[in-house]
file query.cif (mmCIF, C-alpha atoms)
data_input
#
loop_
_atom_site.group_PDB
_atom_site.id
_atom_site.type_symbol
_atom_site.label_atom_id
_atom_site.label_comp_id
_atom_site.auth_asym_id
_atom_site.auth_seq_id
_atom_site.Cartn_x
_atom_site.Cartn_y
_atom_site.Cartn_z
ATOM 1 C CA MET V 1 11.604 2.383 -27.066
ATOM 2 C CA ARG V 2 8.708 4.533 -28.274
ATOM 3 C CA ARG V 3 4.967 3.948 -28.248
ATOM 4 C CA LYS V 4 2.103 5.090 -30.430
ATOM 5 C CA THR V 5 -1.655 5.097 -29.922
ATOM 6 C CA PRO V 6 -3.225 5.947 -33.289
ATOM 7 C CA LYS V 7 -6.913 6.803 -33.084
ATOM 8 C CA ASN V 8 -7.841 4.687 -36.090
ATOM 9 C CA LEU V 9 -6.887 1.554 -34.175
ATOM 10 C CA LEU V 10 -9.820 2.135 -31.835
ATOM 11 C CA CYS V 11 -12.308 0.940 -34.437
ATOM 12 C CA PHE V 12 -11.031 -2.618 -34.268
ATOM 13 C CA VAL V 13 -13.058 -5.342 -32.574
ATOM 14 C CA VAL V 14 -11.853 -6.094 -29.077
ATOM 15 C CA VAL V 15 -10.853 -9.734 -28.643
ATOM 16 C CA ALA V 16 -11.927 -10.912 -25.208
ATOM 17 C CA ALA V 17 -10.017 -14.199 -24.950
ATOM 18 C CA LEU V 18 -6.778 -14.004 -22.976
ATOM 19 C CA PHE V 19 -4.592 -16.027 -25.284
ATOM 20 C CA CYS V 20 -1.430 -15.193 -23.364
ATOM 21 C CA LEU V 21 -2.614 -16.575 -20.045
ATOM 22 C CA SER V 22 -2.810 -20.348 -20.120
ATOM 23 C CA THR V 23 -4.633 -21.877 -17.167
ATOM 24 C CA ALA V 24 -2.550 -25.035 -17.347
ATOM 25 C CA LEU V 25 0.520 -24.896 -15.128
ATOM 26 C CA ALA V 26 2.853 -25.939 -17.921
ATOM 27 C CA GLY V 27 6.387 -25.366 -16.783
ATOM 28 C CA ALA V 28 5.251 -24.984 -13.171
ATOM 29 C CA SER V 29 8.123 -27.201 -12.063
ATOM 30 C CA GLU V 30 10.450 -24.374 -13.083
ATOM 31 C CA LEU V 31 8.925 -21.972 -10.558
ATOM 32 C CA THR V 32 11.144 -21.321 -7.568
ATOM 33 C CA LEU V 33 10.983 -19.379 -4.343
ATOM 34 C CA HIS V 34 13.501 -16.587 -4.590
ATOM 35 C CA LYS V 35 13.964 -13.592 -2.336
ATOM 36 C CA GLU V 36 10.481 -14.007 -0.847
ATOM 37 C CA GLY V 37 8.917 -14.437 -4.268
ATOM 38 C CA THR V 38 7.882 -16.707 -7.101
ATOM 39 C CA VAL V 39 10.136 -16.454 -10.148
ATOM 40 C CA LEU V 40 10.999 -18.177 -13.392
ATOM 41 C CA PRO V 41 14.632 -18.889 -14.338
ATOM 42 C CA GLY V 42 14.823 -15.883 -16.631
ATOM 43 C CA PRO V 43 18.107 -14.897 -18.265
ATOM 44 C CA ASN V 44 19.766 -11.573 -17.507
ATOM 45 C CA TYR V 45 21.136 -9.718 -20.548
ATOM 46 C CA ASP V 46 23.169 -6.555 -20.846
ATOM 47 C CA TRP V 47 21.797 -3.838 -23.156
ATOM 48 C CA TRP V 48 22.584 -4.812 -26.755
ATOM 49 C CA TYR V 49 21.657 -2.252 -29.424
ATOM 50 C CA GLY V 50 18.264 -1.436 -27.897
ATOM 51 C CA CYS V 51 16.412 -2.094 -24.637
ATOM 52 C CA SER V 52 13.288 -3.480 -26.328
ATOM 53 C CA ALA V 53 15.254 -5.855 -28.559
ATOM 54 C CA THR V 54 17.327 -6.945 -25.554
ATOM 55 C CA SER V 55 14.204 -7.550 -23.448
ATOM 56 C CA ALA V 56 12.687 -9.528 -26.329
ATOM 57 C CA GLY V 57 15.971 -11.437 -26.427
ATOM 58 C CA MET V 58 15.530 -12.378 -22.772
ATOM 59 C CA MET V 59 12.046 -13.675 -23.571
ATOM 60 C CA MET V 60 13.336 -15.750 -26.491
ATOM 61 C CA GLY V 61 16.359 -16.828 -24.454
ATOM 62 C CA TYR V 62 14.118 -18.008 -21.629
ATOM 63 C CA TYR V 63 12.012 -20.200 -23.938
ATOM 64 C CA ASP V 64 15.147 -21.413 -25.740
ATOM 65 C CA ARG V 65 16.571 -22.542 -22.394
ATOM 66 C CA SER V 66 13.438 -23.737 -20.598
ATOM 67 C CA GLY V 67 10.882 -24.621 -23.256
ATOM 68 C CA TYR V 68 7.164 -24.202 -22.655
ATOM 69 C CA GLY V 69 4.171 -26.495 -22.311
ATOM 70 C CA GLY V 70 6.324 -29.620 -22.501
ATOM 71 C CA LEU V 71 7.947 -28.590 -25.801
ATOM 72 C CA PHE V 72 11.343 -27.252 -26.845
ATOM 73 C CA TYR V 73 11.893 -23.938 -28.639
ATOM 74 C CA SER V 74 15.592 -24.514 -29.126
ATOM 75 C CA ASN V 75 16.018 -22.681 -32.439
ATOM 76 C CA LEU V 76 15.115 -19.290 -30.977
ATOM 77 C CA VAL V 77 18.847 -18.850 -30.412
ATOM 78 C CA PRO V 78 20.573 -20.844 -33.181
ATOM 79 C CA GLY V 79 23.890 -22.569 -32.666
ATOM 80 C CA GLY V 80 23.559 -23.629 -29.042
ATOM 81 C CA VAL V 81 21.727 -22.922 -25.806
ATOM 82 C CA ALA V 82 21.011 -19.268 -25.001
ATOM 83 C CA GLU V 83 23.273 -17.891 -22.285
ATOM 84 C CA ALA V 84 21.928 -17.178 -18.799
ATOM 85 C CA ASN V 85 23.840 -13.904 -18.417
ATOM 86 C CA THR V 86 25.638 -11.565 -20.822
ATOM 87 C CA PHE V 87 26.895 -8.956 -18.361
ATOM 88 C CA PRO V 88 30.412 -10.384 -17.996
ATOM 89 C CA LYS V 89 32.525 -8.643 -20.634
ATOM 90 C CA LEU V 90 34.150 -11.055 -23.068
ATOM 91 C CA PRO V 91 37.734 -10.510 -24.225
ATOM 92 C CA ALA V 92 39.081 -9.522 -27.632
ATOM 93 C CA PRO V 93 38.812 -10.170 -30.477
ATOM 94 C CA ASN V 94 35.065 -10.889 -30.430
ATOM 95 C CA TYR V 95 34.129 -9.135 -27.195
ATOM 96 C CA ASN V 96 30.397 -9.525 -26.461
ATOM 97 C CA TRP V 97 29.731 -10.690 -30.005
ATOM 98 C CA GLY V 98 30.908 -13.978 -28.535
ATOM 99 C CA TYR V 99 27.536 -14.439 -26.846
ATOM 100 C CA LEU V 100 25.229 -16.489 -29.078
ATOM 101 C CA VAL V 101 22.115 -14.671 -27.938
ATOM 102 C CA ASN V 102 23.501 -11.244 -28.828
ATOM 103 C CA ASN V 103 23.592 -12.287 -32.468
ATOM 104 C CA SER V 104 19.895 -13.163 -32.199
ATOM 105 C CA ILE V 105 19.130 -9.802 -30.562
ATOM 106 C CA ALA V 106 21.084 -7.589 -32.983
ATOM 107 C CA SER V 107 23.299 -9.233 -35.570
ATOM 108 C CA TRP V 108 26.485 -7.963 -37.198
ATOM 109 C CA GLY V 109 24.461 -7.347 -40.363
ATOM 110 C CA HIS V 110 21.895 -5.303 -38.431
ATOM 111 C CA VAL V 111 24.613 -3.042 -37.040
ATOM 112 C CA THR V 112 26.259 -2.763 -40.460
ATOM 113 C CA ASP V 113 23.066 -1.420 -42.016
ATOM 114 C CA PHE V 114 21.221 0.389 -39.226
ATOM 115 C CA TYR V 115 23.510 1.324 -36.310
ATOM 116 C CA ARG V 116 26.171 3.633 -37.663
ATOM 117 C CA PHE V 117 28.124 6.739 -36.803
ATOM 118 C CA SER V 118 27.379 9.936 -38.699
ATOM 119 C CA ASN V 119 30.351 9.244 -40.965
ATOM 120 C CA GLY V 120 28.761 5.943 -42.026
ATOM 121 C CA THR V 121 31.024 3.643 -40.005
ATOM 122 C CA PRO V 122 29.101 0.828 -38.271
ATOM 123 C CA ASP V 123 29.255 0.973 -34.471
ATOM 124 C CA TYR V 124 30.278 -2.631 -33.862
ATOM 125 C CA TYR V 125 31.913 -2.240 -30.468
ATOM 126 C CA THR V 126 30.506 0.699 -28.497
ATOM 127 C CA GLY V 127 26.803 0.316 -29.332
ATOM 128 C CA GLY V 128 26.335 -2.667 -27.043
ATOM 129 C CA GLY V 129 26.571 -2.681 -23.288
ATOM 130 C CA GLY V 130 24.463 0.319 -22.361
ATOM 131 C CA GLY V 131 24.605 2.721 -25.269
ATOM 132 C CA GLY V 132 27.293 5.232 -26.128
ATOM 133 C CA GLY V 133 28.879 5.394 -29.551
ATOM 134 C CA ALA V 134 26.199 5.910 -32.200
ATOM 135 C CA TYR V 135 23.341 5.614 -29.688
ATOM 136 C CA LEU V 136 20.384 7.903 -30.587
ATOM 137 C CA ASN V 137 21.956 8.727 -33.946
ATOM 138 C CA SER V 138 19.611 8.959 -36.948
ATOM 139 C CA GLY V 139 19.873 9.401 -40.688
ATOM 140 C CA ASP V 140 22.657 6.828 -40.652
ATOM 141 C CA ASP V 141 21.007 3.836 -42.346
ATOM 142 C CA GLN V 142 22.103 2.342 -45.634
ATOM 143 C CA ALA V 143 20.152 0.098 -47.990
ATOM 144 C CA ALA V 144 20.050 -3.302 -46.316
ATOM 145 C CA THR V 145 22.948 -5.519 -47.330
ATOM 146 C CA HIS V 146 21.844 -8.487 -45.218
ATOM 147 C CA SER V 147 18.739 -10.640 -44.948
ATOM 148 C CA PHE V 148 16.811 -10.003 -41.753
ATOM 149 C CA ASN V 149 18.031 -12.479 -39.150
ATOM 150 C CA CYS V 150 17.586 -10.987 -35.672
ATOM 151 C CA LEU V 151 15.016 -9.435 -33.365
ATOM 152 C CA ALA V 152 16.193 -5.860 -33.938
ATOM 153 C CA ASP V 153 15.742 -6.335 -37.694
ATOM 154 C CA PHE V 154 12.166 -7.563 -37.470
ATOM 155 C CA MET V 155 11.210 -5.159 -34.658
ATOM 156 C CA GLY V 156 12.281 -2.095 -36.656
ATOM 157 C CA THR V 157 14.788 -1.142 -33.974
ATOM 158 C CA SER V 158 17.158 1.720 -34.913
ATOM 159 C CA GLN V 159 15.666 1.931 -38.410
ATOM 160 C CA ASP V 160 15.196 5.382 -39.929
ATOM 161 C CA ALA V 161 12.400 4.110 -42.185
ATOM 162 C CA TYR V 162 10.216 3.845 -39.061
ATOM 163 C CA ASN V 163 11.502 7.023 -37.387
ATOM 164 C CA ASN V 164 13.420 4.989 -34.823
ATOM 165 C CA VAL V 165 16.686 6.584 -33.745
ATOM 166 C CA ASN V 166 19.488 4.192 -32.874
ATOM 167 C CA GLY V 167 18.476 2.040 -29.923
ATOM 168 C CA SER V 168 14.737 2.818 -30.088
ATOM 169 C CA THR V 169 11.721 0.675 -31.023
ATOM 170 C CA THR V 170 8.058 1.602 -31.596
ATOM 171 C CA PHE V 171 5.083 -0.204 -29.999
ATOM 172 C CA TYR V 172 1.413 0.472 -30.708
ATOM 173 C CA PHE V 173 -1.375 0.162 -28.134
ATOM 174 C CA PHE V 174 -5.153 0.346 -28.174
ATOM 175 C CA THR V 175 -6.076 3.509 -26.286
ATOM 176 C CA ASN V 176 -9.165 1.805 -24.800
ATOM 177 C CA GLY V 177 -7.023 -0.726 -22.898
ATOM 178 C CA ALA V 178 -7.789 -3.757 -25.072
ATOM 179 C CA LYS V 179 -5.165 -6.242 -26.191
ATOM 180 C CA LEU V 180 -3.610 -5.499 -29.572
ATOM 181 C CA TYR V 181 -2.729 -8.614 -31.600
ATOM 182 C CA PRO V 182 -0.518 -9.028 -34.695
ATOM 183 C CA TYR V 183 -3.443 -9.895 -36.976
ATOM 184 C CA GLN V 184 -5.062 -6.560 -36.088
ATOM 185 C CA LEU V 185 -1.895 -4.667 -36.942
ATOM 186 C CA TYR V 186 -1.701 -6.562 -40.222
ATOM 187 C CA ALA V 187 -5.267 -5.519 -41.042
ATOM 188 C CA ALA V 188 -4.305 -1.899 -40.309
ATOM 189 C CA GLY V 189 -1.698 -2.026 -43.077
ATOM 190 C CA PRO V 190 2.087 -2.005 -43.559
ATOM 191 C CA ASP V 191 2.586 1.419 -41.985
ATOM 192 C CA PHE V 192 1.528 -0.189 -38.710
ATOM 193 C CA TYR V 193 2.759 -3.775 -38.772
ATOM 194 C CA ASN V 194 6.151 -3.016 -40.315
ATOM 195 C CA SER V 195 6.935 -0.489 -37.594
ATOM 196 C CA ASP V 196 5.632 -2.298 -34.501
ATOM 197 C CA GLY V 197 8.002 -4.061 -32.109
ATOM 198 C CA MET V 198 5.491 -6.679 -30.958
ATOM 199 C CA TYR V 199 4.640 -7.626 -34.554
ATOM 200 C CA GLY V 200 8.373 -7.919 -35.223
ATOM 201 C CA MET V 201 8.744 -10.288 -32.274
ATOM 202 C CA ALA V 202 6.037 -12.479 -33.807
ATOM 203 C CA GLU V 203 7.879 -12.323 -37.144
ATOM 204 C CA TYR V 204 11.123 -13.447 -35.513
ATOM 205 C CA PHE V 205 9.348 -16.285 -33.689
ATOM 206 C CA TYR V 206 7.860 -17.445 -37.007
ATOM 207 C CA TYR V 207 11.231 -16.994 -38.753
ATOM 208 C CA ALA V 208 12.759 -19.316 -36.130
ATOM 209 C CA GLY V 209 10.269 -22.028 -37.101
ATOM 210 C CA TYR V 210 7.515 -21.629 -34.509
ATOM 211 C CA GLY V 211 4.072 -20.146 -34.023
ATOM 212 C CA ASN V 212 1.774 -18.650 -36.627
ATOM 213 C CA ASN V 213 2.204 -16.345 -39.568
ATOM 214 C CA PRO V 214 1.985 -12.928 -37.856
ATOM 215 C CA SER V 215 -0.721 -11.838 -40.303
ATOM 216 C CA THR V 216 -3.084 -14.266 -38.550
ATOM 217 C CA ASP V 217 -1.470 -14.529 -35.107
ATOM 218 C CA ASN V 218 -3.394 -14.014 -31.858
ATOM 219 C CA LYS V 219 -0.820 -15.332 -29.380
ATOM 220 C CA PHE V 220 1.314 -12.189 -29.158
ATOM 221 C CA PHE V 221 -0.140 -8.951 -27.816
ATOM 222 C CA SER V 222 0.653 -5.539 -26.363
ATOM 223 C CA GLN V 223 -1.641 -3.875 -23.841
ATOM 224 C CA TYR V 224 -1.797 -0.922 -21.490
ATOM 225 C CA ILE V 225 -1.937 -1.917 -17.827
ATOM 226 C CA ASP V 226 -4.892 -1.276 -15.536
ATOM 227 C CA ALA V 227 -3.040 1.498 -13.707
ATOM 228 C CA LYS V 228 -2.897 3.323 -17.050
ATOM 229 C CA ILE V 229 -6.501 2.702 -18.122
ATOM 230 C CA SER V 230 -9.496 0.742 -16.831
ATOM 231 C CA GLY V 231 -9.694 -2.673 -18.465
ATOM 232 C CA GLY V 232 -5.949 -2.914 -18.968
ATOM 233 C CA PHE V 233 -3.625 -5.793 -18.115
ATOM 234 C CA THR V 234 -3.710 -6.480 -14.376
ATOM 235 C CA LEU V 235 -1.214 -7.614 -11.775
ATOM 236 C CA ALA V 236 -3.314 -10.773 -11.352
ATOM 237 C CA GLU V 237 -2.905 -11.506 -15.078
ATOM 238 C CA TYR V 238 0.825 -10.927 -14.820
ATOM 239 C CA GLN V 239 1.029 -13.323 -11.871
ATOM 240 C CA ALA V 240 -1.046 -15.905 -13.766
ATOM 241 C CA ALA V 241 1.342 -15.632 -16.714
ATOM 242 C CA ILE V 242 4.336 -16.285 -14.454
ATOM 243 C CA ASP V 243 2.523 -19.214 -12.809
ATOM 244 C CA ALA V 244 1.863 -20.635 -16.294
ATOM 245 C CA GLY V 245 5.564 -20.442 -17.175
ATOM 246 C CA GLN V 246 5.319 -17.302 -19.344
ATOM 247 C CA VAL V 247 7.538 -14.233 -19.131
ATOM 248 C CA VAL V 248 6.419 -10.662 -19.839
ATOM 249 C CA MET V 249 7.975 -7.545 -21.357
ATOM 250 C CA ILE V 250 7.453 -4.574 -19.039
ATOM 251 C CA HIS V 251 7.167 -1.119 -20.635
ATOM 252 C CA VAL V 252 7.960 2.024 -18.665
ATOM 253 C CA GLU V 253 8.237 5.478 -20.195
ATOM 254 C CA GLY V 254 11.097 5.338 -22.698
ATOM 255 C CA HIS V 255 12.338 1.890 -21.691
ATOM 256 C CA SER V 256 11.499 -1.842 -21.896
ATOM 257 C CA MET V 257 12.433 -4.540 -19.365
ATOM 258 C CA PHE V 258 11.976 -8.260 -18.713
ATOM 259 C CA GLY V 259 9.462 -9.457 -16.099
ATOM 260 C CA TYR V 260 10.037 -12.933 -14.688
ATOM 261 C CA GLY V 261 8.539 -13.095 -11.191
ATOM 262 C CA TYR V 262 6.641 -11.505 -8.325
ATOM 263 C CA ILE V 263 6.318 -11.458 -4.538
ATOM 264 C CA PRO V 264 2.953 -13.001 -3.543
ATOM 265 C CA GLY V 265 0.635 -10.819 -1.509
ATOM 266 C CA THR V 266 2.298 -7.610 -2.697
ATOM 267 C CA ASN V 267 2.378 -5.380 -5.794
ATOM 268 C CA THR V 268 6.072 -6.129 -6.318
ATOM 269 C CA ILE V 269 7.405 -7.740 -9.488
ATOM 270 C CA TYR V 270 10.894 -8.947 -10.401
ATOM 271 C CA ILE V 271 12.595 -7.543 -13.485
ATOM 272 C CA HIS V 272 15.868 -7.558 -15.367
ATOM 273 C CA ASP V 273 16.353 -4.013 -16.612
ATOM 274 C CA THR V 274 19.147 -4.368 -19.290
ATOM 275 C CA TRP V 275 21.143 -1.707 -17.419
ATOM 276 C CA ALA V 276 22.678 -3.523 -14.459
ATOM 277 C CA ASP V 277 23.378 -7.126 -13.516
ATOM 278 C CA GLY V 278 21.308 -8.800 -10.816
ATOM 279 C CA ASP V 279 17.687 -9.007 -9.730
ATOM 280 C CA HIS V 280 15.616 -5.822 -9.519
ATOM 281 C CA THR V 281 12.114 -5.091 -8.268
ATOM 282 C CA MET V 282 9.449 -2.489 -8.921
ATOM 283 C CA THR V 283 5.847 -1.806 -7.940
ATOM 284 C CA TRP V 284 3.242 -2.800 -10.520
ATOM 285 C CA GLY V 285 1.979 0.405 -12.125
ATOM 286 C CA GLY V 286 4.607 2.442 -10.307
ATOM 287 C CA TYR V 287 7.916 4.022 -11.240
ATOM 288 C CA TYR V 288 11.263 2.433 -12.028
ATOM 289 C CA SER V 289 14.215 4.824 -11.986
ATOM 290 C CA GLY V 290 11.710 7.648 -12.358
ATOM 291 C CA LEU V 291 9.995 6.032 -15.380
ATOM 292 C CA LEU V 292 6.269 5.247 -15.092
ATOM 293 C CA HIS V 293 5.058 1.725 -15.868
ATOM 294 C CA TYR V 294 2.300 1.808 -18.502
ATOM 295 C CA GLY V 295 2.201 -1.393 -20.584
ATOM 296 C CA VAL V 296 3.211 -4.970 -21.349
ATOM 297 C CA THR V 297 3.989 -7.193 -24.308
ATOM 298 C CA CYS V 298 3.412 -10.915 -23.885
ATOM 299 C CA PHE V 299 3.010 -14.103 -25.877
ATOM 300 C CA GLU V 300 2.136 -17.749 -25.454
ATOM 301 C CA PRO V 301 4.603 -19.920 -27.398
ATOM 302 C CA THR V 302 3.143 -22.447 -29.834
ATOM 303 C CA GLY V 303 4.612 -24.806 -32.393
ATOM 304 C CA GLY V 304 7.423 -26.362 -30.379
ATOM 305 C CA ALA V 305 8.474 -29.517 -32.205
ATOM 306 C CA VAL V 306 10.151 -31.754 -29.643
ATOM 307 C CA PRO V 307 8.639 -32.966 -26.346
ATOM 308 C CA LEU V 308 10.728 -32.378 -23.254
ATOM 309 C CA PRO V 309 11.874 -35.428 -21.273
ATOM 310 C CA GLY V 310 9.025 -36.490 -19.035
ATOM 311 C CA ALA V 311 6.320 -34.715 -21.051
ATOM 312 C CA VAL V 312 3.017 -36.562 -20.963
ATOM 313 C CA LEU V 313 1.188 -37.326 -24.203
ATOM 314 C CA LEU V 314 -2.411 -38.544 -24.357
ATOM 315 C CA MET V 315 -2.655 -41.366 -26.886
ATOM 316 C CA GLY V 316 -5.811 -43.437 -27.285
ATOM 317 C CA SER V 317 -7.094 -44.417 -23.867
ATOM 318 C CA GLY V 318 -3.768 -44.343 -22.048
ATOM 319 C CA LEU V 319 -1.106 -41.909 -20.919
ATOM 320 C CA PHE V 320 2.385 -42.591 -22.216
ATOM 321 C CA ARG V 321 5.474 -40.896 -20.863
ATOM 322 C CA LEU V 322 7.915 -39.882 -23.561
ATOM 323 C CA LEU V 323 11.579 -40.152 -22.668
ATOM 324 C CA ILE V 324 13.263 -38.197 -25.433
ATOM 325 C CA TRP V 325 16.626 -36.495 -25.250
ATOM 326 C CA ARG V 326 16.830 -32.866 -26.148
ATOM 327 C CA ARG V 327 17.354 -32.145 -29.836
ATOM 328 C CA ARG V 328 18.385 -28.809 -31.242
ATOM 329 C CA ASN V 329 16.908 -27.488 -34.466
ATOM 330 C CA SER V 330 19.417 -25.455 -36.426
#
call {"tool": "encode", "arguments": {"input": "query.cif", "output": "structure tokens"}}
result
Amino acid sequence: MRRKTPKNLLCFVVVAALFCLSTALAGASELTLHKEGTVLPGPNYDWWYGCSATSAGMMMGYYDRSGYGGLFYSNLVPGGVAEANTFPKLPAPNYNWGYLVNNSIASWGHVTDFYRFSNGTPDYYTGGGGGGGAYLNSGDDQAATHSFNCLADFMGTSQDAYNNVNGSTTFYFFTNGAKLYPYQLYAAGPDFYNSDGMYGMAEYFYYAGYGNNPSTDNKFFSQYIDAKISGGFTLAEYQAAIDAGQVVMIHVEGHSMFGYGYIPGTNTIYIHDTWADGDHTMTWGGYYSGLLHYGVTCFEPTGGAVPLPGAVLLMGSGLFRLLIWRRRNS
């Protein structure tokens, strides 16, 4: 994962509304006490062709599994329910391609075109699960032979056209600490929005049938944290996001992770790091494995089509409880 802070982004108008942090406790029933903390039932995924794409996959997998705001987002991982954990190694012949969510993180077509050895052979079997193989290789891409269909495609991960070596993704940030939204990147032009990981996440979400066209979207954002710059995203905002049923991508120097909980009364947050199975913790604004925490990427899901069982709908002057079985869009 790489980050950029171009000076010409500073001229944009700062949007004050915190679109990511809903005050309604939608999904609050999913909060649990866990190891002295408050956490969401976030999935835990092994590194799959890029830490940022894998962390985005955990975000999409969480909403695919749990929904948000009383709605389903069940097409974020097509073909079934996103797995809770991809660390167990699957046997031949498919190996970890057998996990549905891995195909949504980085598809076979993505690897064919963008994750290749120097001799041009796609790295289908050693590029997942923590790197190795063609990891960090560059100059290996071929003209795309597949239609974009996964997070790594839309996020620009491993793509030479955006100066991303294999496994890396670029994120832009406002250097003044303000939130950076997709519509602002779109206004900055294709050199920015085509190469930004957060914009690509919004593209994938829209591709899956939800949310807004990224060119007008203000539900996704990236932001420096307050420990990096005054006015940045705070621990209190992170905690409010978790309380509202939202998960957060945590950026440390050179790496992205998945934030899904916190320990009240402390500066400790829970993360899944894409490197090792299990629950991990770090100090907000501190170091994780020697890498300094500097930013976040977050979004509030919109456009879910199917109410969850027990969701409450206001109709006329009365409240009616909808009892609808889960339906999968595919």
call {"tool": "resolve_selection", "arguments": {"input": "query.cif", "expression": "the PyMOL selection byres ((chain V and resi 276-282) around 9)", "output": "VMD selection string"}}
result
chain V and resid 44 to 47 85 to 88 130 262 267 to 275 283 to 288
call {"tool": "closest_residue", "arguments": {"input": "query.cif", "among": "V:Leu185, V:Gln246, V:Ala106, V:Gln239", "to": "Pro264 of chain V", "atoms": "all atoms listed in the file"}}
result
V:Gln239
call {"tool": "atom_distance", "arguments": {"input": "query.cif", "atom1": "atom CA of Ala202 of chain V", "atom2": "atom CA of Gly261 of chain V"}}
result
22.8 Å
call {"tool": "atom_distance", "arguments": {"input": "query.cif", "atom1": "atom CA of Val101 of chain V", "atom2": "atom CA of Gly79 of chain V"}}
result
9.4 Å
call {"tool": "resolve_selection", "arguments": {"input": "query.cif", "expression": "the PyMOL selection byres ((chain V and resi 74) around 6)", "output": "ChimeraX atom specification"}}
result
/V:64,72-73,75-76,328
call {"tool": "resolve_selection", "arguments": {"input": "query.cif", "expression": "the PyMOL selection byres ((chain V and resi 163) around 12)", "output": "PyMOL selection string"}}
result
chain V and resi 1-4+114+136-141+156-162+164-170+191+194-196
call {"tool": "atom_distance", "arguments": {"input": "query.cif", "atom1": "atom CA of Leu71 of chain V", "atom2": "atom CA of Tyr210 of chain V"}}
result
11.2 Å
call {"tool": "residues_near_point", "arguments": {"input": "query.cif", "point": "(22.8, -6.3, -38.1)", "cutoff": "10 Å", "atoms": "all atoms listed in the file", "output": "number ranges by chain"}}
result
V: 49, 103-115, 122, 124, 144-153
call {"tool": "axis_aligned_box", "arguments": {"input": "query.cif", "around": "segment 149-163 of chain V", "padding_each_side": "3 Å", "output": "lines of an AutoDock Vina configuration file"}}
result
center_x = 14.1
center_y = -2.7
center_z = -37.8
size_x = 13.8
size_y = 25.5
size_z = 14.8
call {"tool": "closest_residue", "arguments": {"input": "query.cif", "among": "V:Gly50, V:Gly98, V:Gly265, V:Gly290", "to": "Glu253 of chain V", "atoms": "all atoms listed in the file"}}
result
V:Gly290
call {"tool": "closest_atom_pairs", "arguments": {"input": "query.cif", "of": "segment 98-188 of chain V", "to": "segment 223-236 of chain V", "cutoff": "8 Å", "atoms": "all atoms listed in the file", "output": "tab-separated table"}}
result
residue	atom	partner	partner_atom	distance
V:Phe173	CA	V:Gln223	CA	5.9
V:Phe174	CA	V:Gln223	CA	7.0
V:Thr175	CA	V:Tyr224	CA	7.8
V:Asn176	CA	V:Ile229	CA	7.2
V:Gly177	CA	V:Gly232	CA	4.6
V:Ala178	CA	V:Gln223	CA	6.3
V:Lys179	CA	V:Gln223	CA	4.9
V:Leu180	CA	V:Gln223	CA	6.3
call {"tool": "closest_residue", "arguments": {"input": "query.cif", "among": "V:Cys51, V:Val81, V:Ala134, V:Met155", "to": "Phe117 of chain V", "atoms": "all atoms listed in the file"}}
result
V:Ala134
call {"tool": "decode", "arguments": {"input": "query.cif", "residues": "segment 235-254 of chain V", "atoms": "C-alpha atoms", "output": "PDB file, in the first residue's frame"}}
result
ATOM      1  CA  LEU V 235     -10.388   7.710  18.185  1.00  0.00           C
ATOM      2  CA  ALA V 236     -13.840   8.922  19.272  1.00  0.00           C
ATOM      3  CA  GLU V 237     -14.961   8.904  15.620  1.00  0.00           C
ATOM      4  CA  TYR V 238     -13.560   5.420  15.169  1.00  0.00           C
ATOM      5  CA  GLN V 239     -15.436   4.225  18.255  1.00  0.00           C
ATOM      6  CA  ALA V 240     -18.637   5.889  17.010  1.00  0.00           C
ATOM      7  CA  ALA V 241     -18.252   4.093  13.680  1.00  0.00           C
ATOM      8  CA  ILE V 242     -17.931   0.731  15.437  1.00  0.00           C
ATOM      9  CA  ASP V 243     -20.935   1.541  17.649  1.00  0.00           C
ATOM     10  CA  ALA V 244     -22.921   2.353  14.486  1.00  0.00           C
ATOM     11  CA  GLY V 245     -22.051  -1.028  12.961  1.00  0.00           C
ATOM     12  CA  GLN V 246     -19.359   0.267  10.573  1.00  0.00           C
ATOM     13  CA  VAL V 247     -15.883  -1.174  10.098  1.00  0.00           C
ATOM     14  CA  VAL V 248     -12.766   0.846   9.252  1.00  0.00           C
ATOM     15  CA  MET V 249      -9.619   0.308   7.190  1.00  0.00           C
ATOM     16  CA  ILE V 250      -6.548   1.168   9.264  1.00  0.00           C
ATOM     17  CA  HIS V 251      -3.483   2.492   7.413  1.00  0.00           C
ATOM     18  CA  VAL V 252      -0.008   2.180   8.901  1.00  0.00           C
ATOM     19  CA  GLU V 253       3.187   2.953   7.018  1.00  0.00           C
ATOM     20  CA  GLY V 254       3.335   0.540   4.082  1.00  0.00           C
TER      21      GLY V 254
END
